[in-house]
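Colleague: Okay, so here is query.cif, and as you'll see once you scroll down, it has mmCIF, C-alpha atoms.
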```
data_data
loop_
_atom_site.group_PDB
_atom_site.id
_atom_site.type_symbol
_atom_site.label_atom_id
_atom_site.label_comp_id
_atom_site.auth_asym_id
_atom_site.auth_seq_id
_atom_site.Cartn_x
_atom_site.Cartn_y
_atom_site.Cartn_z
ATOM 1 C CA MET A 7 -4.015 12.431 4.757
ATOM 2 C CA LEU A 8 -1.510 14.523 6.688
ATOM 3 C CA ARG A 9 0.775 17.243 5.426
ATOM 4 C CA VAL A 10 3.972 17.528 7.442
ATOM 5 C CA TRP A 11 6.591 20.246 7.395
ATOM 6 C CA ARG A 12 9.601 18.194 6.304
ATOM 7 C CA ARG A 13 12.730 19.221 8.166
ATOM 8 C CA ARG A 14 16.016 19.081 6.328
ATOM 9 C CA GLY A 15 17.501 15.607 6.527
ATOM 10 C CA MET A 16 14.178 13.803 6.991
ATOM 11 C CA THR A 17 14.784 11.361 4.171
ATOM 12 C CA ARG A 18 14.811 7.893 5.731
ATOM 13 C CA ALA A 19 11.811 5.551 5.817
ATOM 14 C CA LEU A 20 9.691 6.191 8.893
ATOM 15 C CA PRO A 21 7.763 3.469 10.788
ATOM 16 C CA PHE A 22 4.340 5.088 10.502
ATOM 17 C CA ALA A 23 2.488 1.758 10.865
ATOM 18 C CA CYS A 24 4.218 1.086 14.182
ATOM 19 C CA ALA A 25 3.261 4.552 15.368
ATOM 20 C CA VAL A 26 -0.409 4.021 14.449
ATOM 21 C CA LEU A 27 -0.606 0.648 16.186
ATOM 22 C CA GLY A 28 1.184 2.050 19.213
ATOM 23 C CA ALA A 29 -1.331 4.862 19.497
ATOM 24 C CA LEU A 30 -4.276 2.500 18.995
ATOM 25 C CA GLY A 31 -2.922 0.334 21.780
ATOM 26 C CA ARG A 32 -3.406 3.100 24.328
ATOM 27 C CA GLY A 33 -7.188 2.869 24.052
ATOM 28 C CA ALA A 34 -7.443 -0.851 23.323
ATOM 29 C CA SER A 35 -8.943 -3.640 25.379
ATOM 30 C CA PRO A 36 -6.594 -5.683 27.592
ATOM 31 C CA ALA A 37 -7.173 -8.700 25.332
ATOM 32 C CA ALA A 38 -6.233 -6.774 22.184
ATOM 33 C CA GLN A 39 -3.164 -5.368 23.908
ATOM 34 C CA GLY A 40 -2.099 -8.980 24.430
ATOM 35 C CA ASN A 41 -2.698 -9.792 20.731
ATOM 36 C CA ALA A 42 -5.780 -11.857 21.602
ATOM 37 C CA PRO A 43 -9.271 -11.407 20.137
ATOM 38 C CA CYS A 44 -10.900 -8.300 21.560
ATOM 39 C CA SER A 45 -13.651 -8.991 24.092
ATOM 40 C CA TRP A 46 -15.397 -5.668 23.532
ATOM 41 C CA ASP A 47 -18.495 -5.222 21.353
ATOM 42 C CA PRO A 48 -17.795 -3.718 18.910
ATOM 43 C CA PRO A 49 -14.096 -4.655 19.014
ATOM 44 C CA CYS A 50 -11.521 -1.933 19.559
ATOM 45 C CA ALA A 51 -9.597 -0.457 16.621
ATOM 46 C CA LEU A 52 -6.366 -2.220 17.595
ATOM 47 C CA ASP A 53 -8.106 -5.572 17.108
ATOM 48 C CA VAL A 54 -9.190 -4.544 13.599
ATOM 49 C CA PHE A 55 -5.939 -2.962 12.407
ATOM 50 C CA GLY A 56 -3.342 -4.874 14.401
ATOM 51 C CA ARG A 57 -4.421 -8.476 14.959
ATOM 52 C CA GLU A 58 -4.249 -11.065 12.212
ATOM 53 C CA GLN A 59 -7.744 -12.045 11.144
ATOM 54 C CA LEU A 60 -9.140 -15.362 9.866
ATOM 55 C CA ARG A 61 -5.995 -17.460 9.496
ATOM 56 C CA GLY A 62 -6.845 -20.104 6.878
ATOM 57 C CA PRO A 63 -5.740 -23.707 6.331
ATOM 58 C CA ARG A 64 -2.777 -22.548 4.219
ATOM 59 C CA GLY A 65 -1.438 -20.520 7.127
ATOM 60 C CA ASN A 66 -2.221 -17.093 5.671
ATOM 61 C CA GLY A 67 -4.521 -14.641 7.402
ATOM 62 C CA LEU A 68 -6.262 -11.637 5.907
ATOM 63 C CA PRO A 69 -3.973 -8.724 5.043
ATOM 64 C CA LYS A 70 -4.243 -5.676 7.244
ATOM 65 C CA PRO A 71 -7.152 -3.472 6.056
ATOM 66 C CA TYR A 72 -5.017 -0.395 5.438
ATOM 67 C CA VAL A 73 -1.913 0.960 3.767
ATOM 68 C CA ILE A 74 0.272 3.894 4.787
ATOM 69 C CA ARG A 75 2.424 5.731 2.301
ATOM 70 C CA ALA A 76 4.523 8.900 2.437
ATOM 71 C CA TRP A 77 5.959 10.958 -0.404
ATOM 72 C CA PRO A 78 7.675 14.351 -0.727
ATOM 73 C CA TYR A 79 5.536 17.322 -1.765
ATOM 74 C CA GLY A 80 7.797 20.262 -2.373
ATOM 75 C CA ALA A 81 9.311 21.146 0.993
ATOM 76 C CA ASP A 82 6.738 19.027 2.842
ATOM 77 C CA LEU A 83 5.957 15.360 3.372
ATOM 78 C CA MET A 84 2.517 13.920 2.611
ATOM 79 C CA VAL A 85 1.444 10.930 4.713
ATOM 80 C CA GLU A 86 -1.610 8.948 3.638
ATOM 81 C CA LEU A 87 -3.530 6.332 5.594
ATOM 82 C CA ARG A 88 -5.949 4.428 3.365
ATOM 83 C CA VAL A 89 -8.533 2.114 4.962
ATOM 84 C CA PHE A 90 -10.500 -0.629 3.191
ATOM 85 C CA GLY A 91 -13.932 -2.205 3.459
ATOM 86 C CA MET A 92 -15.672 -2.791 6.757
ATOM 87 C CA ALA A 93 -12.607 -1.450 8.596
ATOM 88 C CA ASN A 94 -13.842 2.019 7.580
ATOM 89 C CA ASP A 95 -16.097 1.865 10.636
ATOM 90 C CA TRP A 96 -12.882 2.412 12.643
ATOM 91 C CA ALA A 97 -11.235 4.775 10.136
ATOM 92 C CA MET A 98 -11.502 7.906 12.266
ATOM 93 C CA ALA A 99 -9.920 6.118 15.225
ATOM 94 C CA ALA A 100 -7.025 5.159 12.937
ATOM 95 C CA ALA A 101 -6.772 8.723 11.615
ATOM 96 C CA GLU A 102 -6.514 10.101 15.143
ATOM 97 C CA ALA A 103 -3.952 7.416 15.961
ATOM 98 C CA LEU A 104 -1.827 8.486 12.985
ATOM 99 C CA VAL A 105 -1.696 12.046 14.313
ATOM 100 C CA LEU A 106 -1.016 10.919 17.875
ATOM 101 C CA GLY A 107 1.600 8.427 16.761
ATOM 102 C CA MET A 108 3.476 11.003 14.728
ATOM 103 C CA ARG A 109 3.422 13.527 17.552
ATOM 104 C CA ASP A 110 4.101 11.363 20.589
ATOM 105 C CA ILE A 111 5.440 7.953 19.523
ATOM 106 C CA LEU A 112 7.830 8.324 16.589
ATOM 107 C CA PRO A 113 11.337 8.944 18.003
ATOM 108 C CA TRP A 114 12.014 12.071 15.974
ATOM 109 C CA ARG A 115 15.202 13.039 17.808
ATOM 110 C CA ARG A 116 16.691 9.706 16.795
ATOM 111 C CA LEU A 117 15.206 9.656 13.281
ATOM 112 C CA LEU A 118 16.298 13.150 12.320
ATOM 113 C CA PRO A 119 20.036 13.658 11.760
ATOM 114 C CA SER A 120 19.900 16.991 13.517
ATOM 115 C CA GLY A 121 18.239 15.515 16.600
ATOM 116 C CA ALA A 122 15.414 18.023 16.212
ATOM 117 C CA ALA A 123 11.949 17.754 17.683
ATOM 118 C CA ALA A 124 8.925 16.421 15.793
ATOM 119 C CA PRO A 125 8.016 18.342 12.639
ATOM 120 C CA GLU A 126 4.855 20.396 12.486
ATOM 121 C CA LEU A 127 1.661 18.779 11.185
ATOM 122 C CA VAL A 128 0.470 21.423 8.755
ATOM 123 C CA SER A 129 -2.942 20.035 7.766
ATOM 124 C CA ARG A 130 -5.190 16.979 7.718
ATOM 125 C CA LYS A 131 -7.867 15.890 5.239
ATOM 126 C CA CYS A 132 -10.274 12.964 5.409
ATOM 127 C CA ARG A 133 -12.227 11.844 2.378
ATOM 128 C CA VAL A 134 -14.096 8.918 0.869
ATOM 129 C CA THR A 135 -13.110 8.177 -2.711
ATOM 130 C CA ARG A 136 -14.906 6.167 -5.371
ATOM 131 C CA LEU A 137 -13.110 4.071 -7.959
ATOM 132 C CA SER A 138 -14.330 4.363 -11.552
ATOM 133 C CA VAL A 139 -12.995 1.915 -14.128
ATOM 134 C CA PRO A 140 -12.934 3.014 -17.793
ATOM 135 C CA LEU A 141 -12.727 0.776 -20.830
ATOM 136 C CA PRO A 142 -9.511 -1.258 -20.898
ATOM 137 C CA PRO A 143 -6.684 -0.069 -23.165
ATOM 138 C CA ASP A 144 -4.620 -2.252 -25.476
ATOM 139 C CA SER A 145 -1.451 -1.770 -23.423
ATOM 140 C CA VAL A 146 -0.418 -0.119 -20.189
ATOM 141 C CA THR A 147 2.647 0.786 -18.196
ATOM 142 C CA LEU A 148 2.690 0.204 -14.464
ATOM 143 C CA ALA A 149 4.758 3.066 -13.069
ATOM 144 C CA PHE A 150 5.826 2.183 -9.530
ATOM 145 C CA LEU A 151 5.661 5.050 -7.064
ATOM 146 C CA SER A 152 7.387 2.948 -4.407
ATOM 147 C CA PRO A 153 9.422 -0.264 -4.728
ATOM 148 C CA MET A 154 7.489 -3.529 -5.007
ATOM 149 C CA ASP A 155 8.558 -6.500 -2.937
ATOM 150 C CA GLY A 156 10.543 -8.829 -5.193
ATOM 151 C CA ALA A 157 10.893 -11.869 -2.946
ATOM 152 C CA GLY A 158 9.887 -15.250 -4.307
ATOM 153 C CA ARG A 159 10.087 -16.358 -7.910
ATOM 154 C CA ASP A 160 12.238 -14.317 -10.273
ATOM 155 C CA VAL A 161 10.067 -11.700 -11.962
ATOM 156 C CA PHE A 162 12.699 -11.099 -14.629
ATOM 157 C CA ALA A 163 12.374 -14.757 -15.653
ATOM 158 C CA GLN A 164 8.580 -14.853 -15.200
ATOM 159 C CA PRO A 165 7.257 -11.293 -15.506
ATOM 160 C CA HIS A 166 3.620 -12.368 -15.252
ATOM 161 C CA ARG A 167 4.362 -12.938 -11.555
ATOM 162 C CA VAL A 168 3.761 -9.220 -11.033
ATOM 163 C CA MET A 169 0.192 -9.703 -12.214
ATOM 164 C CA THR A 170 -0.412 -12.887 -10.237
ATOM 165 C CA ARG A 171 0.787 -11.119 -7.102
ATOM 166 C CA MET A 172 -1.601 -8.314 -7.961
ATOM 167 C CA ILE A 173 -4.463 -10.817 -8.294
ATOM 168 C CA ARG A 174 -3.696 -12.368 -4.900
ATOM 169 C CA ARG A 175 -3.381 -8.983 -3.224
ATOM 170 C CA VAL A 176 -6.690 -7.657 -4.571
ATOM 171 C CA ASP A 177 -8.454 -10.915 -3.756
ATOM 172 C CA ALA A 178 -7.186 -10.870 -0.181
ATOM 173 C CA VAL A 179 -7.974 -7.195 0.505
ATOM 174 C CA SER A 180 -11.418 -7.532 -1.110
ATOM 175 C CA ARG A 181 -12.429 -9.935 1.633
ATOM 176 C CA TRP A 182 -12.728 -6.888 3.870
ATOM 177 C CA ASN A 183 -15.557 -5.925 1.502
ATOM 178 C CA GLY A 184 -17.181 -9.345 1.792
ATOM 179 C CA VAL A 185 -16.178 -10.577 -1.685
ATOM 180 C CA ALA A 186 -13.499 -12.931 -2.997
ATOM 181 C CA LEU A 187 -12.388 -14.730 -6.141
ATOM 182 C CA ASP A 188 -13.221 -18.414 -6.301
ATOM 183 C CA ASP A 189 -10.287 -20.742 -6.951
ATOM 184 C CA GLU A 190 -11.254 -21.505 -10.548
ATOM 185 C CA THR A 191 -11.541 -17.817 -11.456
ATOM 186 C CA GLY A 192 -8.227 -17.063 -9.782
ATOM 187 C CA ARG A 193 -6.462 -19.785 -11.740
ATOM 188 C CA ALA A 194 -8.052 -18.627 -15.002
ATOM 189 C CA LEU A 195 -6.880 -15.048 -14.395
ATOM 190 C CA ALA A 196 -3.358 -16.280 -13.614
ATOM 191 C CA ARG A 197 -3.262 -18.239 -16.888
ATOM 192 C CA HIS A 198 -4.478 -15.158 -18.751
ATOM 193 C CA ALA A 199 -1.753 -13.031 -17.138
ATOM 194 C CA ALA A 200 0.893 -15.528 -18.264
ATOM 195 C CA ALA A 201 -0.240 -15.133 -21.888
ATOM 196 C CA LEU A 202 0.276 -11.340 -21.955
ATOM 197 C CA SER A 203 3.418 -9.659 -23.327
ATOM 198 C CA TYR A 204 5.767 -7.859 -20.936
ATOM 199 C CA ASP A 205 8.532 -5.318 -21.481
ATOM 200 C CA LEU A 206 10.949 -5.417 -18.544
ATOM 201 C CA SER A 207 13.394 -2.828 -19.833
ATOM 202 C CA GLY A 208 12.076 -0.218 -17.376
ATOM 203 C CA LEU A 209 12.359 -2.422 -14.277
ATOM 204 C CA ARG A 210 15.372 -2.419 -11.991
ATOM 205 C CA PRO A 211 16.167 -4.534 -8.932
ATOM 206 C CA GLY A 212 16.858 -3.076 -5.516
ATOM 207 C CA CYS A 213 16.415 -3.859 -1.846
ATOM 208 C CA TYR A 214 14.278 -2.712 1.066
ATOM 209 C CA ALA A 215 15.464 -2.673 4.661
ATOM 210 C CA SER A 216 13.302 -2.088 7.716
ATOM 211 C CA PRO A 217 12.933 -3.492 11.232
ATOM 212 C CA ASN A 218 9.814 -5.422 12.161
ATOM 213 C CA ARG A 219 7.963 -5.036 15.431
ATOM 214 C CA HIS A 220 10.447 -7.406 17.076
ATOM 215 C CA ARG A 221 13.282 -5.084 15.958
ATOM 216 C CA GLN A 222 14.653 -7.756 13.657
ATOM 217 C CA ALA A 223 16.438 -6.352 10.617
ATOM 218 C CA ARG A 224 14.821 -7.211 7.288
ATOM 219 C CA ARG A 225 16.461 -6.801 3.922
ATOM 220 C CA ASP A 226 14.256 -7.927 1.041
ATOM 221 C CA PRO A 227 14.668 -7.645 -2.746
ATOM 222 C CA THR A 228 12.492 -5.115 -4.551
ATOM 223 C CA LEU A 229 11.563 -3.981 -8.047
ATOM 224 C CA SER A 230 11.316 -0.331 -9.114
ATOM 225 C CA GLY A 231 10.663 1.560 -12.317
ATOM 226 C CA CYS A 232 8.101 0.712 -14.995
ATOM 227 C CA LEU A 233 6.593 -2.452 -16.463
ATOM 228 C CA GLU A 234 4.858 -2.347 -19.844
ATOM 229 C CA ILE A 235 2.095 -4.883 -20.487
ATOM 230 C CA ARG A 236 0.430 -5.616 -23.834
ATOM 231 C CA GLY A 237 -2.431 -7.872 -24.824
ATOM 232 C CA ASP A 238 -6.036 -8.474 -23.864
ATOM 233 C CA LEU A 239 -6.197 -6.663 -20.534
ATOM 234 C CA ALA A 240 -9.989 -6.779 -20.165
ATOM 235 C CA PRO A 241 -10.242 -9.701 -17.683
ATOM 236 C CA LEU A 242 -7.595 -8.156 -15.402
ATOM 237 C CA TRP A 243 -8.442 -4.487 -15.875
ATOM 238 C CA PRO A 244 -10.877 -4.060 -12.925
ATOM 239 C CA LEU A 245 -8.461 -5.783 -10.544
ATOM 240 C CA LEU A 246 -5.550 -3.706 -11.797
ATOM 241 C CA ASN A 247 -7.480 -0.515 -11.063
ATOM 242 C CA ILE A 248 -8.346 -1.753 -7.571
ATOM 243 C CA ALA A 249 -4.671 -2.514 -7.011
ATOM 244 C CA THR A 250 -3.827 1.176 -7.492
ATOM 245 C CA ARG A 251 -5.577 1.622 -4.141
ATOM 246 C CA CYS A 252 -4.217 -1.374 -2.210
ATOM 247 C CA HIS A 253 -0.759 -1.801 -3.879
ATOM 248 C CA ILE A 254 0.960 -5.014 -5.032
ATOM 249 C CA GLY A 255 2.976 -7.509 -2.998
ATOM 250 C CA ARG A 256 4.165 -7.765 0.583
ATOM 251 C CA HIS A 257 4.862 -4.885 2.980
ATOM 252 C CA ALA A 258 2.047 -2.860 1.396
ATOM 253 C CA VAL A 259 1.109 -1.642 4.878
ATOM 254 C CA GLU A 260 4.491 0.103 4.923
ATOM 255 C CA GLY A 261 3.877 1.706 1.526
ATOM 256 C CA LEU A 262 5.597 -0.751 -0.818
ATOM 257 C CA GLY A 263 4.075 -1.714 -4.151
ATOM 258 C CA ALA A 264 2.296 1.586 -4.849
ATOM 259 C CA PHE A 265 1.893 2.332 -8.559
ATOM 260 C CA GLN A 266 -0.080 4.293 -11.090
ATOM 261 C CA ILE A 267 -1.334 3.171 -14.473
ATOM 262 C CA GLU A 268 -0.123 4.917 -17.600
ATOM 263 C CA ASP A 269 -2.434 4.162 -20.499
ATOM 264 C CA ILE A 270 -0.383 4.061 -23.666
ATOM 265 C CA GLY A 271 -2.434 1.988 -26.099
ATOM 266 C CA SER A 272 -5.927 3.431 -26.046
ATOM 267 C CA PRO A 273 -6.890 6.453 -28.152
ATOM 268 C CA ASP A 274 -9.922 7.016 -25.909
ATOM 269 C CA LEU A 275 -7.691 7.678 -22.905
ATOM 270 C CA GLY A 276 -5.087 9.732 -24.697
ATOM 271 C CA GLY A 277 -2.061 8.293 -22.910
ATOM 272 C CA LYS A 278 -2.985 9.804 -19.550
ATOM 273 C CA PHE A 279 -2.116 8.485 -16.136
ATOM 274 C CA ARG A 280 -4.688 6.727 -13.987
ATOM 275 C CA GLY A 281 -4.543 5.629 -10.382
ATOM 276 C CA ASP A 282 -2.741 7.736 -7.767
ATOM 277 C CA THR A 283 -1.713 10.516 -10.138
ATOM 278 C CA ARG A 284 -1.565 13.078 -7.370
ATOM 279 C CA HIS A 285 1.252 11.051 -5.791
ATOM 280 C CA SER A 286 3.590 11.143 -8.777
ATOM 281 C CA HIS A 287 7.011 12.145 -7.445
ATOM 282 C CA ALA A 288 7.895 13.706 -10.781
ATOM 283 C CA LYS A 289 4.950 16.098 -10.563
ATOM 284 C CA ALA A 290 5.073 16.895 -6.877
ATOM 285 C CA SER A 291 5.510 20.577 -6.097
ATOM 286 C CA ARG A 292 4.538 22.927 -3.343
ATOM 287 C CA PRO A 293 1.603 25.144 -4.307
#
```
Please, can you express the file's structure as structure tokens?
Modeller:
Amino acid sequence: MLRVWRRRGMTRALPFACAVLGALGRGASPAAQGNAPCSWDPPCALDVFGREQLRGPRGNGLPKPYVIRAWPYGADLMVELRVFGMANDWAMAAAEALVLGMRDILPWRRLLPSGAAAPELVSRKCRVTRLSVPLPPDSVTLAFLSPMDGAGRDVFAQPHRVMTRMIRRVDAVSRWNGVALDDETGRALARHAAALSYDLSGLRPGCYASPNRHRQARRDPTLSGCLEIRGDLAPLWPLLNIATRCHIGRHAVEGLGAFQIEDIGSPDLGGKFRGDTRHSHAKASRP
């Protein structure tokens, strides 16, 4: 995690993922630089974080084994790189690439309205965190910390689609840990999600615009706000807690789909937040 002195006017979304991959490319094998499987043993970090892995018969490869998210912290900007599963063997290379990419690759003079130089990197912290899952509550609110991709079927008509996207995302990322849901279990969880009750009054539509690596403009629908879910959450509760780490939906690498869990129906948990509570924009302040 990096803490950056946030210059006035630094409000637009920044392409941190592009900066990391660009920095990793400087020390990558020639094959990986050409988006081919790395010939080195072990493979270089660019092969792990940049190249699509294990494309299946349905045309979908594994998701990238990391997410990057940034949020304001008082007068500063916090930037977090989170790495999953076996990709942690290359985590320090990615951490160094994040620093290098922010210093030398991001075009700060173009990104900042004032045309100023790169902001100062105030501090860096690296840590390994463990996920503990408490007893499931009777109802929860998913409070989105960043917009969730809303492409595909209409969530306002079929709100359980948020949960099925969560199931697919956790299943896909978990393959970096050597585990996966079998098809029957995945279908059973999706049917269970469809039987839950959803309150959509806190959700609002929006849009997300960013260029891809080919500099093609993208403008995708998003969902922001809060989603309340009631019912038997036990079968989905472990996956929902995992999703607080890996986000929900597409463009998670760029920080979309981050959320925290607000427990509202369990007396044992007292209505407290779970998940990435330290990232809550409402509570962010400079110490």
Colleague: So how many Å separate atom CA of A:Ala97 and atom CA of A:Arg133, to one decimal?
Modeller: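 It comes out at 10.5 Å.
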Colleague: Here is a test: counting only C-alpha atoms, which residue of A:Ala178, A:Pro142, A:Pro211, A:Phe150 is nearest to A:Trp243?
Modeller: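 Answer, going by the shortest atom-to-atom distance: A:Pro142.
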Colleague: May I ask which of the residues A:Gly40, A:Gly67, A:Gly261, A:Gly192 is the closest one to A:Thr170, counting all atoms listed in the file?
Modeller: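 Checking each candidate against A:Thr170, we get A:Gly192 as the closest.
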Colleague: Restricting the calculation to only C-alpha atoms, which member of A:His253, A:Ala240, A:Ala124, A:Phe90 is positioned closest to A:Gly107?
Modeller: A:Ala124
Colleague: Need the neighbours of (15.5, 0.0, -10.1): which residues are at most 6 Å away, counting only C-alpha atoms, as a list in words?
Modeller: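 Those residues lying close to the given coordinates are Leu209, Arg210, Pro211, Gly212, Leu229, Ser230 and Gly231 of chain A.
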Colleague: If you measure from atom CA of A:Arg32 to atom CA of A:Leu262, what distance in Å do you get, rounded to one decimal?
Modeller: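 We find that atom CA of A:Arg32 and atom CA of A:Leu262 lie 27.0 Å from each other.
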Colleague: Expressed in Å to a single decimal, how great is the separation between atom CA of A:Ile111 and atom CA of A:Trp77?
Modeller: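 Calculated distance between atom CA of A:Ile111 and atom CA of A:Trp77 is 20.2 Å.
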Colleague: Of the candidates A:Leu68, A:Val179, A:Cys44, A:Leu60, which shows the shortest atom-to-atom distance to A:Val89, using all atoms listed in the file?
Modeller: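 Ranked by minimum distance to A:Val89, first place goes to A:Val179.
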Colleague: Decode the PyMOL selection byres ((chain A and resi 264) around 10) for the given file into explicit residues and return them as a VMD selection string.
Modeller: chain A and resid 73 75 148 to 154 249 to 255 258 261 to 263 265 to 266 281 to 282 285
Colleague: Using only C-alpha atoms, please write the residues we just selected to a file, as a PDB file, keeping the file's coordinate frame.
Modeller:
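Saved file result-v3.pdb follows:
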```pdb
ATOM      1  CA  VAL A  73      -1.913   0.960   3.767  1.00  0.00           C
ATOM      2  CA  ARG A  75       2.424   5.731   2.301  1.00  0.00           C
ATOM      3  CA  LEU A 148       2.690   0.204 -14.464  1.00  0.00           C
ATOM      4  CA  ALA A 149       4.758   3.066 -13.069  1.00  0.00           C
ATOM      5  CA  PHE A 150       5.826   2.183  -9.530  1.00  0.00           C
ATOM      6  CA  LEU A 151       5.661   5.050  -7.064  1.00  0.00           C
ATOM      7  CA  SER A 152       7.387   2.948  -4.407  1.00  0.00           C
ATOM      8  CA  PRO A 153       9.422  -0.264  -4.728  1.00  0.00           C
ATOM      9  CA  MET A 154       7.489  -3.529  -5.007  1.00  0.00           C
ATOM     10  CA  ALA A 249      -4.671  -2.514  -7.011  1.00  0.00           C
ATOM     11  CA  THR A 250      -3.827   1.176  -7.492  1.00  0.00           C
ATOM     12  CA  ARG A 251      -5.577   1.622  -4.141  1.00  0.00           C
ATOM     13  CA  CYS A 252      -4.217  -1.374  -2.210  1.00  0.00           C
ATOM     14  CA  HIS A 253      -0.759  -1.801  -3.879  1.00  0.00           C
ATOM     15  CA  ILE A 254       0.960  -5.014  -5.032  1.00  0.00           C
ATOM     16  CA  GLY A 255       2.976  -7.509  -2.998  1.00  0.00           C
ATOM     17  CA  ALA A 258       2.047  -2.860   1.396  1.00  0.00           C
ATOM     18  CA  GLY A 261       3.877   1.706   1.526  1.00  0.00           C
ATOM     19  CA  LEU A 262       5.597  -0.751  -0.818  1.00  0.00           C
ATOM     20  CA  GLY A 263       4.075  -1.714  -4.151  1.00  0.00           C
ATOM     21  CA  PHE A 265       1.893   2.332  -8.559  1.00  0.00           C
ATOM     22  CA  GLN A 266      -0.080   4.293 -11.090  1.00  0.00           C
ATOM     23  CA  GLY A 281      -4.543   5.629 -10.382  1.00  0.00           C
ATOM     24  CA  ASP A 282      -2.741   7.736  -7.767  1.00  0.00           C
ATOM     25  CA  HIS A 285       1.252  11.051  -5.791  1.00  0.00           C
TER      26      HIS A 285
END
```
Colleague: Restricting the calculation to only C-alpha atoms, which member of A:Ser35, A:Thr191, A:Gln59, A:Thr228 is positioned closest to A:Arg159?
Modeller: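 Residue with the minimum atom-to-atom distance to A:Arg159: A:Thr228.
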Colleague: From the set A:Val105, A:Leu141, A:Cys50, A:Ile74, which residue has the shortest atom-to-atom contact distance to A:Ser129, counting all atoms listed in the file?
Modeller: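 Counting all atoms listed in the file, the residue closest to A:Ser129 is A:Val105.
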Colleague: Kindly resolve the PyMOL selection byres ((chain A and resi 100) around 9) on the present coordinates and return the residues as a count of residues only.
Modeller: 18
Colleague: I'd like to see the residues matched by the PyMOL selection byres ((chain A and resi 177) around 10) on this file, and ideally I'd get them as a VMD selection string.
Modeller: chain A and resid 68 171 to 176 178 to 182 185 to 188 192 245 248 to 249
Colleague: Please determine an axis-aligned box that encloses all atoms of stretch 229-244 of chain A listed in the file, with 6 Å added on each side, and express its centre and edge lengths in Å to one decimal as AutoDock Vina command-line options.
Modeller:
```
--center_x 0.3 --center_y -4.1 --center_z -16.4 --size_x 34.4 --size_y 23.3 --size_z 28.8
```
